[in-house]
file upload_27.txt (compact mmCIF, C-alpha atoms)
# COMPACT_ATOMS: atom_id res chain seq x y z
CA MET A 281 -20.89 -77.73 92.45
CA LYS A 282 -24.50 -76.54 92.51
CA LYS A 283 -25.48 -73.42 90.67
CA PRO A 284 -25.58 -70.27 92.82
CA ILE A 285 -29.37 -69.88 92.44
CA GLY A 286 -30.01 -73.39 93.74
CA CYS A 287 -27.59 -72.78 96.58
CA LEU A 288 -29.38 -69.59 97.53
CA LEU A 289 -32.76 -71.35 97.60
CA ILE A 290 -31.35 -73.93 99.99
CA TYR A 291 -29.75 -71.16 102.02
CA TYR A 292 -33.04 -69.26 102.44
CA ARG A 293 -34.91 -72.41 103.44
CA ILE A 294 -32.29 -73.27 106.05
CA ARG A 295 -32.20 -69.67 107.23
CA ARG A 296 -35.94 -69.77 107.97
CA ILE A 297 -35.56 -72.99 109.93
CA VAL A 298 -32.58 -71.66 111.89
CA ARG A 299 -34.32 -68.35 112.55
CA PHE A 300 -37.32 -70.16 114.02
CA SER A 301 -34.99 -72.37 116.09
CA LEU A 302 -33.15 -69.34 117.42
CA ILE A 303 -36.43 -67.68 118.45
CA LEU A 304 -37.38 -70.79 120.41
CA ILE A 305 -33.93 -70.99 121.99
CA VAL A 306 -33.92 -67.35 123.03
CA CYS A 307 -37.40 -67.67 124.52
CA PHE A 308 -36.37 -70.79 126.41
CA SER A 309 -33.17 -69.17 127.60
CA ALA A 310 -34.88 -66.00 128.76
CA ASN A 311 -37.14 -68.03 131.01
CA SER A 312 -34.93 -70.87 132.22
CA LEU A 313 -31.37 -69.63 132.35
CA ALA A 314 -30.53 -68.17 135.74
CA GLN A 315 -28.31 -65.53 134.30
CA THR A 316 -31.19 -63.98 132.36
CA ASP A 317 -33.61 -63.90 135.29
CA SER A 318 -33.03 -60.60 137.02
CA VAL A 319 -36.12 -61.12 139.22
CA LYS A 320 -34.36 -63.95 141.04
CA VAL A 321 -31.23 -62.00 141.84
CA PRO A 322 -32.37 -60.74 145.28
CA GLU A 323 -33.01 -64.36 146.36
CA HIS A 324 -29.25 -64.81 146.69
CA ASN A 325 -28.63 -61.26 147.92
CA TRP A 326 -26.88 -60.35 144.69
CA GLN A 327 -27.12 -56.69 143.82
CA TYR A 328 -26.34 -54.92 140.63
CA VAL A 329 -25.09 -51.40 141.20
CA PHE A 330 -24.68 -48.88 138.39
CA GLU A 331 -21.30 -47.21 138.54
CA SER A 332 -19.60 -44.65 136.37
CA ASP A 333 -18.50 -46.46 133.26
CA SER A 334 -15.16 -45.56 131.70
CA SER A 335 -15.15 -48.54 129.31
CA ALA A 336 -16.16 -48.19 125.67
CA ASP A 337 -17.22 -50.18 122.63
CA ILE A 338 -18.23 -49.34 119.08
CA TRP A 339 -21.76 -48.34 120.18
CA ASP A 340 -20.32 -45.69 122.48
CA MET A 341 -18.32 -44.38 119.54
CA TYR A 342 -21.46 -44.37 117.39
CA TYR A 343 -23.41 -42.23 119.85
CA ARG A 344 -20.46 -39.97 120.56
CA PHE A 345 -19.34 -39.20 117.01
CA ILE A 346 -22.21 -40.10 114.64
CA ASN A 347 -25.62 -40.06 116.33
CA LYS A 348 -24.80 -37.30 118.80
CA LYS A 349 -28.45 -36.68 119.67
CA GLY A 350 -29.09 -40.29 120.61
CA HIS A 351 -28.13 -42.14 123.76
CA ARG A 352 -27.53 -45.70 124.81
CA ARG A 353 -30.24 -47.20 126.99
CA SER A 354 -29.06 -47.75 130.56
CA ASP A 355 -30.78 -51.14 130.82
CA HIS A 356 -28.25 -52.49 128.29
CA ALA A 357 -25.80 -52.63 131.19
CA LYS A 358 -28.01 -54.85 133.32
CA PRO A 359 -27.46 -58.62 133.57
CA GLY A 360 -29.44 -60.51 130.96
CA LEU A 361 -29.44 -60.85 127.19
CA HIS A 362 -26.78 -58.87 125.33
CA SER A 363 -27.10 -59.24 121.58
CA THR A 364 -24.48 -58.24 119.04
CA ILE A 365 -25.72 -58.61 115.47
CA PHE A 366 -24.04 -57.18 112.38
CA PRO A 367 -24.21 -57.79 108.64
CA GLU A 368 -20.74 -58.73 107.48
CA LEU A 369 -18.47 -58.44 104.52
CA ALA A 370 -15.79 -60.96 105.44
CA TYR A 371 -12.75 -62.68 103.97
CA ALA A 372 -11.01 -65.98 104.57
CA ILE A 373 -8.38 -67.83 102.53
CA GLN A 374 -10.68 -70.79 101.91
CA THR A 375 -13.79 -68.73 101.03
CA GLY A 376 -12.55 -65.52 99.46
CA VAL A 377 -14.88 -62.58 100.04
CA ALA A 378 -18.08 -63.55 101.84
CA VAL A 379 -21.33 -61.78 102.74
CA GLY A 380 -23.43 -62.85 105.68
CA LEU A 381 -24.40 -62.18 109.25
CA ASN A 382 -22.52 -62.20 112.54
CA ALA A 383 -24.79 -62.80 115.52
CA ASN A 384 -23.66 -63.35 119.11
CA LEU A 385 -26.27 -63.60 121.87
CA SER A 386 -24.73 -63.63 125.34
CA PHE A 387 -26.59 -64.16 128.61
CA THR A 388 -24.84 -62.54 131.58
CA SER A 389 -25.60 -62.66 135.30
CA ALA A 390 -25.14 -60.60 138.44
CA ASN A 391 -23.74 -63.75 140.03
CA PRO A 392 -19.97 -63.78 139.33
CA GLU A 393 -19.93 -67.59 139.65
CA GLN A 394 -22.51 -68.08 136.90
CA ASN A 395 -21.06 -69.03 133.51
CA ILE A 396 -22.10 -66.84 130.59
CA SER A 397 -24.20 -68.59 127.93
CA THR A 398 -23.70 -67.89 124.23
CA ILE A 399 -25.55 -68.49 120.96
CA ILE A 400 -23.50 -67.91 117.81
CA PHE A 401 -25.06 -67.78 114.34
CA THR A 402 -22.84 -66.83 111.36
CA PRO A 403 -24.35 -67.74 107.95
CA GLN A 404 -22.31 -66.83 104.86
CA TYR A 405 -22.43 -66.96 101.08
CA THR A 406 -18.96 -66.73 99.59
CA GLN A 407 -17.09 -65.64 96.49
CA TYR A 408 -16.56 -69.32 95.61
CA HIS A 409 -20.31 -70.03 95.77
CA GLN A 410 -20.06 -71.78 99.13
CA ILE A 411 -22.92 -71.80 101.63
CA ILE A 412 -22.00 -71.92 105.32
CA VAL A 413 -24.74 -72.03 107.96
CA PRO A 414 -23.46 -72.79 111.49
CA VAL A 415 -25.39 -72.52 114.76
CA VAL A 416 -23.33 -73.08 117.93
CA LEU A 417 -24.83 -72.94 121.42
CA ASN A 418 -23.19 -73.12 124.84
CA LEU A 419 -26.00 -72.71 127.38
CA TRP A 420 -25.77 -72.90 131.17
CA THR A 421 -28.75 -73.22 133.49
CA LYS A 422 -29.03 -71.79 137.00
CA ASP A 423 -25.98 -72.34 139.22
CA ASN A 424 -24.25 -74.03 136.24
CA ARG A 425 -26.26 -77.16 136.98
CA PHE A 426 -26.66 -78.17 133.33
CA ASN A 427 -24.61 -77.31 130.25
CA ILE A 428 -26.33 -77.67 126.86
CA VAL A 429 -23.84 -77.86 124.00
CA THR A 430 -25.04 -77.69 120.38
CA ASP A 431 -23.21 -77.62 117.05
CA TRP A 432 -25.52 -77.68 114.03
CA ARG A 433 -24.31 -76.70 110.57
CA TYR A 434 -24.91 -77.07 106.87
CA TYR A 435 -22.21 -76.53 104.24
CA ASP A 436 -22.34 -76.56 100.46
CA TYR A 437 -18.61 -76.41 100.18
CA SER A 438 -15.47 -76.58 98.10
CA ALA A 439 -11.94 -76.84 99.45
CA ASP A 440 -8.37 -77.48 98.39
CA ASN A 441 -7.10 -80.91 99.41
CA PHE A 442 -3.40 -81.13 100.23
CA GLY A 443 -3.28 -84.77 101.27
CA LEU A 444 -2.36 -86.52 104.50
CA GLY A 445 0.44 -86.10 107.02
CA SER A 446 2.84 -83.34 107.98
CA ASN A 447 4.73 -83.45 104.66
CA SER A 448 1.80 -82.88 102.30
CA PRO A 449 2.79 -80.60 99.38
CA ALA A 450 1.49 -77.06 99.19
CA ASN A 451 1.49 -76.96 95.37
CA ALA A 452 -0.85 -79.91 94.76
CA ASP A 453 -3.85 -78.87 92.65
CA ASP A 454 -6.52 -81.12 94.16
CA HIS A 455 -9.98 -79.76 94.78
CA LEU A 456 -12.87 -81.35 96.71
CA THR A 457 -16.51 -80.29 96.51
CA TYR A 458 -19.22 -81.67 98.78
CA SER A 459 -22.29 -81.02 100.87
CA TYR A 460 -22.01 -81.43 104.61
CA MET A 461 -24.40 -81.61 107.55
CA ARG A 462 -23.27 -81.79 111.18
CA LEU A 463 -25.64 -82.42 114.08
CA GLN A 464 -23.94 -82.59 117.45
CA GLN A 465 -25.88 -82.30 120.68
CA ALA A 466 -24.82 -82.95 124.29
CA VAL A 467 -26.16 -82.28 127.79
CA LEU A 468 -23.79 -82.23 130.77
CA ARG A 469 -24.72 -82.35 134.46
CA GLN A 470 -22.60 -80.75 137.17
CA VAL A 471 -21.37 -83.41 139.63
CA ALA A 472 -18.92 -81.25 141.61
CA PRO A 473 -18.01 -77.55 141.60
CA ASN A 474 -16.97 -76.67 138.02
CA LEU A 475 -16.98 -80.38 137.02
CA SER A 476 -19.62 -81.81 134.66
CA VAL A 477 -20.23 -85.10 132.88
CA GLY A 478 -22.68 -85.80 130.10
CA VAL A 479 -23.84 -87.72 127.07
CA GLY A 480 -24.93 -86.74 123.59
CA TYR A 481 -25.19 -87.70 119.94
CA ALA A 482 -23.07 -86.70 116.93
CA LEU A 483 -23.67 -87.05 113.20
CA ASP A 484 -21.31 -86.00 110.40
CA TYR A 485 -22.80 -86.59 106.96
CA HIS A 486 -20.98 -85.74 103.71
CA TRP A 487 -22.55 -86.30 100.30
CA ASN A 488 -22.02 -85.30 96.65
CA ILE A 489 -18.26 -85.65 97.24
CA ARG A 490 -16.26 -84.95 94.08
CA ASP A 491 -12.50 -84.87 93.62
CA VAL A 492 -11.05 -82.69 90.87
CA ASN A 493 -7.35 -83.56 90.90
CA SER A 494 -5.12 -81.90 88.30
CA THR A 495 -1.86 -83.07 89.91
CA PRO A 496 -2.28 -86.72 91.00
CA GLN A 497 1.48 -87.18 90.78
CA LEU A 498 1.82 -84.76 93.72
CA ASN A 499 -1.14 -85.89 95.81
CA ASP A 500 -3.46 -88.84 95.33
CA ASP A 501 -4.04 -89.48 99.06
CA PHE A 502 -7.81 -89.04 98.80
CA GLU A 503 -8.06 -91.76 96.15
CA ARG A 504 -5.64 -94.10 97.91
CA TYR A 505 -7.38 -93.62 101.25
CA GLY A 506 -10.67 -94.81 99.77
CA THR A 507 -12.74 -92.70 97.39
CA MET A 508 -16.43 -92.41 98.29
CA THR A 509 -19.20 -90.06 97.18
CA LYS A 510 -20.99 -90.25 100.54
CA THR A 511 -19.84 -90.85 104.13
CA VAL A 512 -21.67 -91.11 107.43
CA SER A 513 -20.21 -90.99 110.95
CA SER A 514 -22.82 -91.48 113.65
CA GLY A 515 -22.57 -92.31 117.31
CA PRO A 516 -23.07 -91.33 120.95
CA THR A 517 -20.70 -89.01 122.81
CA PHE A 518 -19.48 -89.17 126.40
CA SER A 519 -18.08 -85.96 127.91
CA VAL A 520 -16.15 -84.87 130.98
CA GLN A 521 -15.63 -81.14 131.45
CA TYR A 522 -14.02 -78.91 134.05
CA THR A 523 -14.28 -75.15 133.71
CA ASN A 524 -14.03 -72.06 135.88
CA ARG A 525 -13.74 -69.88 132.79
CA ARG A 526 -16.84 -67.73 133.16
CA ASN A 527 -16.97 -65.86 129.85
CA PRO A 528 -16.14 -67.85 126.69
CA ASN A 529 -16.36 -64.67 124.58
CA ASN A 530 -13.23 -63.23 126.17
CA PRO A 531 -11.88 -65.16 129.17
CA GLN A 532 -10.01 -63.05 131.70
CA SER A 533 -8.79 -65.93 133.87
CA GLY A 534 -9.49 -69.55 134.70
CA PHE A 535 -9.22 -72.96 133.08
CA PHE A 536 -11.27 -74.98 130.61
CA GLY A 537 -10.76 -78.69 130.06
CA SER A 538 -12.91 -81.10 128.06
CA VAL A 539 -12.56 -84.71 126.97
CA VAL A 540 -15.13 -86.09 124.50
CA VAL A 541 -15.15 -89.77 123.53
CA ARG A 542 -17.19 -90.67 120.45
CA PRO A 543 -17.70 -94.26 119.29
CA ASN A 544 -19.14 -94.21 115.75
CA LEU A 545 -21.33 -97.28 115.27
CA ARG A 546 -22.80 -99.05 112.26
CA LEU A 547 -25.75 -99.78 114.50
CA LEU A 548 -26.53 -96.03 114.40
CA GLY A 549 -25.91 -95.61 110.66
CA SER A 550 -22.16 -95.05 110.58
CA ASP A 551 -20.29 -96.44 107.57
CA GLN A 552 -17.80 -98.14 109.88
CA ASN A 553 -17.16 -98.74 113.55
CA TRP A 554 -14.45 -96.30 114.62
CA GLN A 555 -13.77 -94.01 117.56
CA SER A 556 -12.52 -90.50 118.14
CA VAL A 557 -11.25 -88.72 121.25
CA ILE A 558 -10.95 -84.94 121.51
CA ALA A 559 -9.13 -83.57 124.57
CA ASP A 560 -9.27 -79.75 124.69
CA PHE A 561 -7.46 -77.73 127.40
CA ARG A 562 -7.25 -73.93 127.78
CA LYS A 563 -5.65 -71.81 130.50
CA TYR A 564 -5.83 -68.03 131.03
CA VAL A 565 -3.27 -66.24 133.20
CA PRO A 566 -3.86 -62.55 134.04
CA LEU A 567 -0.60 -60.60 134.22
CA SER A 568 -2.17 -57.52 135.78
CA SER A 569 -4.92 -56.91 138.32
CA ASN A 570 -6.96 -54.78 135.88
CA GLY A 571 -7.09 -57.48 133.19
CA ARG A 572 -5.19 -55.41 130.63
CA HIS A 573 -2.55 -58.08 130.08
CA ILE A 574 -3.34 -61.79 129.75
CA LEU A 575 -1.46 -64.91 128.68
CA ALA A 576 -3.62 -67.63 127.14
CA PHE A 577 -2.66 -71.23 126.34
CA TRP A 578 -4.48 -73.83 124.23
CA ASN A 579 -3.80 -77.54 123.76
CA MET A 580 -5.97 -79.81 121.60
CA ASN A 581 -5.40 -83.53 121.08
CA TRP A 582 -7.64 -85.01 118.40
CA LEU A 583 -7.30 -88.75 117.87
CA SER A 584 -8.95 -91.29 115.57
CA LEU A 585 -8.90 -94.81 117.01
CA GLY A 586 -9.92 -98.18 115.61
CA GLY A 587 -11.39 -98.71 112.17
CA GLN A 588 -10.96 -96.15 109.42
CA ALA A 589 -12.48 -92.70 109.79
CA PRO A 590 -13.88 -91.09 106.62
CA TYR A 591 -11.33 -88.83 104.94
CA LEU A 592 -13.28 -85.64 105.61
CA ASP A 593 -13.80 -86.56 109.28
CA LEU A 594 -10.08 -86.86 110.00
CA PRO A 595 -8.42 -84.19 112.20
CA SER A 596 -7.49 -81.22 110.05
CA THR A 597 -6.30 -77.60 110.27
CA GLY A 598 -9.14 -75.21 111.03
CA TRP A 599 -11.83 -77.86 111.44
CA ASP A 600 -12.39 -77.38 115.17
CA THR A 601 -15.80 -76.14 116.35
CA TYR A 602 -15.10 -72.45 115.67
CA SER A 603 -12.68 -72.97 112.72
CA ASN A 604 -9.86 -71.21 114.59
CA MET A 605 -7.12 -73.81 114.91
CA GLY A 606 -3.91 -73.14 112.98
CA ARG A 607 -3.90 -69.42 112.22
CA GLY A 608 -1.31 -68.90 109.52
CA TYR A 609 -2.59 -71.76 107.35
CA VAL A 610 -5.62 -72.22 105.11
CA GLN A 611 -8.37 -74.46 106.46
CA GLY A 612 -7.59 -78.09 105.61
CA ARG A 613 -3.91 -77.41 104.89
CA TYR A 614 -2.85 -80.44 106.97
CA ARG A 615 -4.80 -83.58 107.74
CA GLY A 616 -4.01 -86.86 109.46
CA ARG A 617 -5.31 -89.67 111.61
CA ASN A 618 -4.11 -87.98 114.82
CA LEU A 619 -3.37 -84.37 115.72
CA VAL A 620 -1.58 -82.59 118.57
CA TYR A 621 -2.01 -78.80 118.65
CA LEU A 622 -0.49 -76.12 120.91
CA GLU A 623 -1.02 -72.35 120.93
CA ALA A 624 0.00 -69.44 123.14
CA GLU A 625 -1.26 -65.87 122.92
CA TYR A 626 -0.41 -62.61 124.66
CA ARG A 627 -3.37 -60.23 124.90
CA ALA A 628 -3.13 -56.55 125.79
CA GLN A 629 -5.48 -53.57 125.90
CA LEU A 630 -4.21 -50.64 123.87
CA LEU A 631 -6.64 -48.13 125.37
CA PRO A 632 -7.73 -47.82 129.03
CA SER A 633 -11.36 -47.97 127.84
CA GLY A 634 -10.80 -51.41 126.32
CA LEU A 635 -12.05 -50.22 122.92
CA LEU A 636 -8.87 -51.41 121.19
CA GLY A 637 -6.54 -54.27 121.99
CA ALA A 638 -3.77 -56.27 120.39
CA VAL A 639 -2.49 -59.84 120.48
CA LEU A 640 0.69 -61.69 119.64
CA PHE A 641 0.30 -65.44 119.03
CA THR A 642 2.29 -68.54 118.16
CA ASN A 643 1.09 -72.07 117.46
CA MET A 644 2.30 -75.52 116.50
CA GLN A 645 0.54 -78.52 115.00
CA THR A 646 1.73 -82.02 114.15
CA TYR A 647 -0.03 -84.97 112.52
CA SER A 648 0.60 -88.67 112.38
CA ASP A 649 2.16 -89.43 109.01
CA TYR A 650 0.39 -91.40 106.30
CA PRO A 651 0.34 -94.34 105.70
CA ASN A 652 2.28 -94.85 108.96
CA THR A 653 -0.34 -93.85 111.52
CA ASN A 654 1.67 -94.53 114.67
CA HIS A 655 4.34 -91.84 114.42
CA PHE A 656 3.94 -88.08 114.36
CA GLY A 657 5.69 -86.10 111.64
CA ARG A 658 7.45 -82.77 111.69
CA LEU A 659 6.36 -79.80 113.76
CA LEU A 660 4.42 -77.16 111.82
CA PRO A 661 4.78 -73.74 113.46
CA GLY A 662 2.68 -70.65 112.89
CA GLY A 663 2.30 -67.22 114.41
CA GLY A 664 1.24 -63.66 113.91
CA VAL A 665 -0.26 -60.49 115.33
CA GLY A 666 -3.76 -59.14 115.67
CA LEU A 667 -6.02 -56.21 116.53
CA ARG A 668 -9.07 -56.34 118.79
CA VAL A 669 -12.09 -54.03 118.59
CA LYS A 670 -14.67 -54.07 121.41
CA MET A 671 -18.08 -54.84 119.90
CA ASN A 672 -20.06 -55.15 123.13
CA LYS A 673 -18.53 -54.14 126.46
CA HIS A 674 -21.36 -55.73 128.48
CA SER A 675 -20.65 -59.23 127.12
CA ASN A 676 -16.94 -58.34 126.67
CA LEU A 677 -17.14 -59.38 123.02
CA ASN A 678 -14.27 -58.45 120.69
CA PHE A 679 -13.93 -58.53 116.93
CA ALA A 680 -10.62 -60.24 116.15
CA ILE A 681 -8.53 -59.25 113.13
CA ASP A 682 -5.38 -61.37 112.82
CA TYR A 683 -2.66 -61.84 110.26
CA GLY A 684 -0.86 -65.15 110.55
CA PHE A 685 2.17 -66.81 108.99
CA GLY A 686 3.24 -70.42 108.56
CA ILE A 687 6.05 -72.34 106.94
CA GLY A 688 6.39 -72.69 103.17
CA GLY A 689 5.12 -69.17 102.52
CA ALA A 690 1.73 -69.77 104.17
CA GLN A 691 0.05 -66.58 105.34
CA GLY A 692 -3.34 -64.95 105.46
CA LEU A 693 -5.95 -62.78 107.15
CA PHE A 694 -8.13 -64.36 109.86
CA LEU A 695 -11.31 -62.77 111.24
CA ASN A 696 -13.33 -63.91 114.24
CA PHE A 697 -16.32 -62.76 116.32
CA GLY A 698 -14.99 -63.28 119.85
CA GLU A 699 -11.56 -64.36 120.99
CA VAL A 700 -9.99 -67.23 119.05
CA PHE A 701 -9.93 -69.42 122.18

call {"tool": "encode", "arguments": {"input": "upload_27.txt", "output": "structure tokens"}}
result
Amino acid sequence: MKKPIGCLLIYYRIRRIVRFSLILIVCFSANSLAQTDSVKVPEHNWQYVFESDSSADIWDMYYRFINKKGHRRSDHAKPGLHSTIFPELAYAIQTGVAVGLNANLSFTSANPEQNISTIIFTPQYTQYHQIIVPVVLNLWTKDNRFNIVTDWRYYDYSADNFGLGSNSPANADDHLTYSYMRLQQAVLRQVAPNLSVGVGYALDYHWNIRDVNSTPQLNDDFERYGTMTKTVSSGPTFSVQYTNRRNPNNPQSGFFGSVVVRPNLRLLGSDQNWQSVIADFRKYVPLSSNGRHILAFWNMNWLSLGGQAPYLDLPSTGWDTYSNMGRGYVQGRYRGRNLVYLEAEYRAQLLPSGLLGAVLFTNMQTYSDYPNTNHFGRLLPGGGVGLRVKMNKHSNLNFAIDYGFGIGGAQGLFLNFGEVF
């Protein structure tokens, strides 16, 4: 593991690069995304009418109870860029206490059929001297014609390794440290209403991989799988997506479905030729006309096909794009060649203003057992409860505070900027 000072130097360098990239992205978005162009609204006879607002978020509470002489600018309610940026003192099982930044930039529109675009930037430095710098973009151009999907991140990381399959022991003392860079970029083109297809490129690069295993008698899967100090997975991506879910921050209704096929090729620098398929489906069912009660369902199928995927690129708990899969378990608790994941959540507003809400969730994951990669092992249930605090009512962004439980005594606190799915 690098010394904290060296880590911080790398962090500040990356932060400058990411900050410059975000400035360029915001400038591009403000000029090219339809939802940010209020001048073009009359062209389609869309009108934005200010009405009495009974909803509330933390900024309304700030001006009501703390800065009583101030007021919230009325143009914040107009369609366009809605930024929510906070310094954070966070906690996660795998990181301990962390300091960093939570930034969500959302681009809304007066057109109800226009998908909301988001830019999420959440750098952290943690109690365990980890550096986490992710930048995730989901941008939609005018009339949802193009969807630009970006996942860039840098990690200087350490994590517990529990081995492979659904029966991996919880008491194994095996620790992995590594550096990690992910560059995933895709552009999708709408070919029918709500249906898009596209291509992209994905790189997952791990280096400085070290295994500190104090209990090899309990878990030596990493060594048996094939110990390496550096791994590269590189290849094109082919995507098909259907969505009428307009706001990814906090969907009120609709459906999202995505299938991404990724052949990793030695020709493009990959260690081996192997393929992955990720099929992600989400459905939102409003139980009331005012949106105060919603049922949400999530299914993810993550498969590794042909060849041998690097150990750290295998499907694993909490290693989805937003690190939300498997609440109740620490990130990386289970890992396998193939994964099937299911989750259901009931969401309710506690206050008519929407300032506070609550959720009740349950999930299940199962992995193909190791070394037998053709049969799935036992079902691994989880569940819990959570509180929601409205951070920005104009982008409908919540801060999620969840406490989850799993089998074998697994439990923990899970925090998220935006809904979990």

call {"tool": "residues_around", "arguments": {"input": "upload_27.txt", "residues": "stretch 638-641 of chain A", "least_positions_apart": "6", "cutoff": "10 Å", "atoms": "only C-alpha atoms", "output": "ChimeraX atom specification"}}
result
/A:573-577,607,623-631,662-669,680-684

call {"tool": "atom_distance", "arguments": {"input": "upload_27.txt", "atom1": "atom CA of A:Lys670", "atom2": "atom CA of A:Phe694"}}
result
16.8 Å

call {"tool": "closest_atom_pairs", "arguments": {"input": "upload_27.txt", "of": "stretch 612-660 of chain A", "to": "stretch 546-557 of chain A", "cutoff": "12 Å", "atoms": "only C-alpha atoms", "output": "Markdown table"}}
result
| residue | atom | partner | partner_atom | distance |
| --- | --- | --- | --- | --- |
| A:Arg617 | CA | A:Ser556 | CA | 9.8 |
| A:Asn618 | CA | A:Ser556 | CA | 9.4 |
| A:Leu619 | CA | A:Val557 | CA | 10.6 |
| A:Val620 | CA | A:Val557 | CA | 11.8 |

call {"tool": "residues_around", "arguments": {"input": "upload_27.txt", "residues": "stretch 519-526 of chain A", "least_positions_apart": "5", "cutoff": "9 Å", "atoms": "all atoms listed in the file", "output": "PDB file with C-alpha atoms, in the frame of the given file"}}
result
ATOM      1  CA  PRO A 392     -19.970 -63.780 139.330  1.00  0.00           C
ATOM      2  CA  GLU A 393     -19.930 -67.590 139.650  1.00  0.00           C
ATOM      3  CA  GLN A 394     -22.510 -68.080 136.900  1.00  0.00           C
ATOM      4  CA  ASN A 395     -21.060 -69.030 133.510  1.00  0.00           C
ATOM      5  CA  ILE A 396     -22.100 -66.840 130.590  1.00  0.00           C
ATOM      6  CA  ALA A 466     -24.820 -82.950 124.290  1.00  0.00           C
ATOM      7  CA  VAL A 467     -26.160 -82.280 127.790  1.00  0.00           C
ATOM      8  CA  LEU A 468     -23.790 -82.230 130.770  1.00  0.00           C
ATOM      9  CA  PRO A 473     -18.010 -77.550 141.600  1.00  0.00           C
ATOM     10  CA  ASN A 474     -16.970 -76.670 138.020  1.00  0.00           C
ATOM     11  CA  LEU A 475     -16.980 -80.380 137.020  1.00  0.00           C
ATOM     12  CA  SER A 476     -19.620 -81.810 134.660  1.00  0.00           C
ATOM     13  CA  VAL A 477     -20.230 -85.100 132.880  1.00  0.00           C
ATOM     14  CA  GLY A 478     -22.680 -85.800 130.100  1.00  0.00           C
ATOM     15  CA  VAL A 479     -23.840 -87.720 127.070  1.00  0.00           C
ATOM     16  CA  GLY A 480     -24.930 -86.740 123.590  1.00  0.00           C
ATOM     17  CA  PRO A 531     -11.880 -65.160 129.170  1.00  0.00           C
ATOM     18  CA  GLN A 532     -10.010 -63.050 131.700  1.00  0.00           C
ATOM     19  CA  SER A 533      -8.790 -65.930 133.870  1.00  0.00           C
ATOM     20  CA  GLY A 534      -9.490 -69.550 134.700  1.00  0.00           C
ATOM     21  CA  PHE A 535      -9.220 -72.960 133.080  1.00  0.00           C
ATOM     22  CA  PHE A 536     -11.270 -74.980 130.610  1.00  0.00           C
ATOM     23  CA  GLY A 537     -10.760 -78.690 130.060  1.00  0.00           C
ATOM     24  CA  SER A 538     -12.910 -81.100 128.060  1.00  0.00           C
ATOM     25  CA  VAL A 539     -12.560 -84.710 126.970  1.00  0.00           C
ATOM     26  CA  VAL A 540     -15.130 -86.090 124.500  1.00  0.00           C
ATOM     27  CA  VAL A 541     -15.150 -89.770 123.530  1.00  0.00           C
ATOM     28  CA  ARG A 542     -17.190 -90.670 120.450  1.00  0.00           C
ATOM     29  CA  LYS A 563      -5.650 -71.810 130.500  1.00  0.00           C
ATOM     30  CA  TYR A 564      -5.830 -68.030 131.030  1.00  0.00           C
TER      31      TYR A 564
END

call {"tool": "closest_residue", "arguments": {"input": "upload_27.txt", "among": "A:Asn652, A:Gln465, A:Ser386, A:Thr457", "to": "A:Trp432", "atoms": "only C-alpha atoms"}}
result
A:Gln465

call {"tool": "residues_around", "arguments": {"input": "upload_27.txt", "residues": "stretch 504-507 of chain A", "least_positions_apart": "5", "cutoff": "9 Å", "atoms": "only C-alpha atoms", "output": "short mmCIF file (atom, residue, chain, number, x, y, z; two decimals) with C-alpha atoms, in the coordinates of the input"}}
result
data_model
loop_
_atom_site.label_atom_id
_atom_site.label_comp_id
_atom_site.auth_asym_id
_atom_site.auth_seq_id
_atom_site.Cartn_x
_atom_site.Cartn_y
_atom_site.Cartn_z
CA ILE A 489 -18.26 -85.65 97.24
CA ASP A 491 -12.50 -84.87 93.62
CA PRO A 590 -13.88 -91.09 106.62
CA TYR A 591 -11.33 -88.83 104.94
CA PRO A 651 0.34 -94.34 105.70
#

call {"tool": "closest_residue", "arguments": {"input": "upload_27.txt", "among": "A:Asn382, A:Thr517, A:Asn579, A:Gln410", "to": "A:Phe697", "atoms": "only C-alpha atoms"}}
result
A:Asn382

call {"tool": "atom_distance", "arguments": {"input": "upload_27.txt", "atom1": "atom CA of A:Val700", "atom2": "atom CA of A:Phe426"}}
result
24.5 Å

call {"tool": "atom_distance", "arguments": {"input": "upload_27.txt", "atom1": "atom CA of A:Ser397", "atom2": "atom CA of A:Ala372"}}
result
27.0 Å
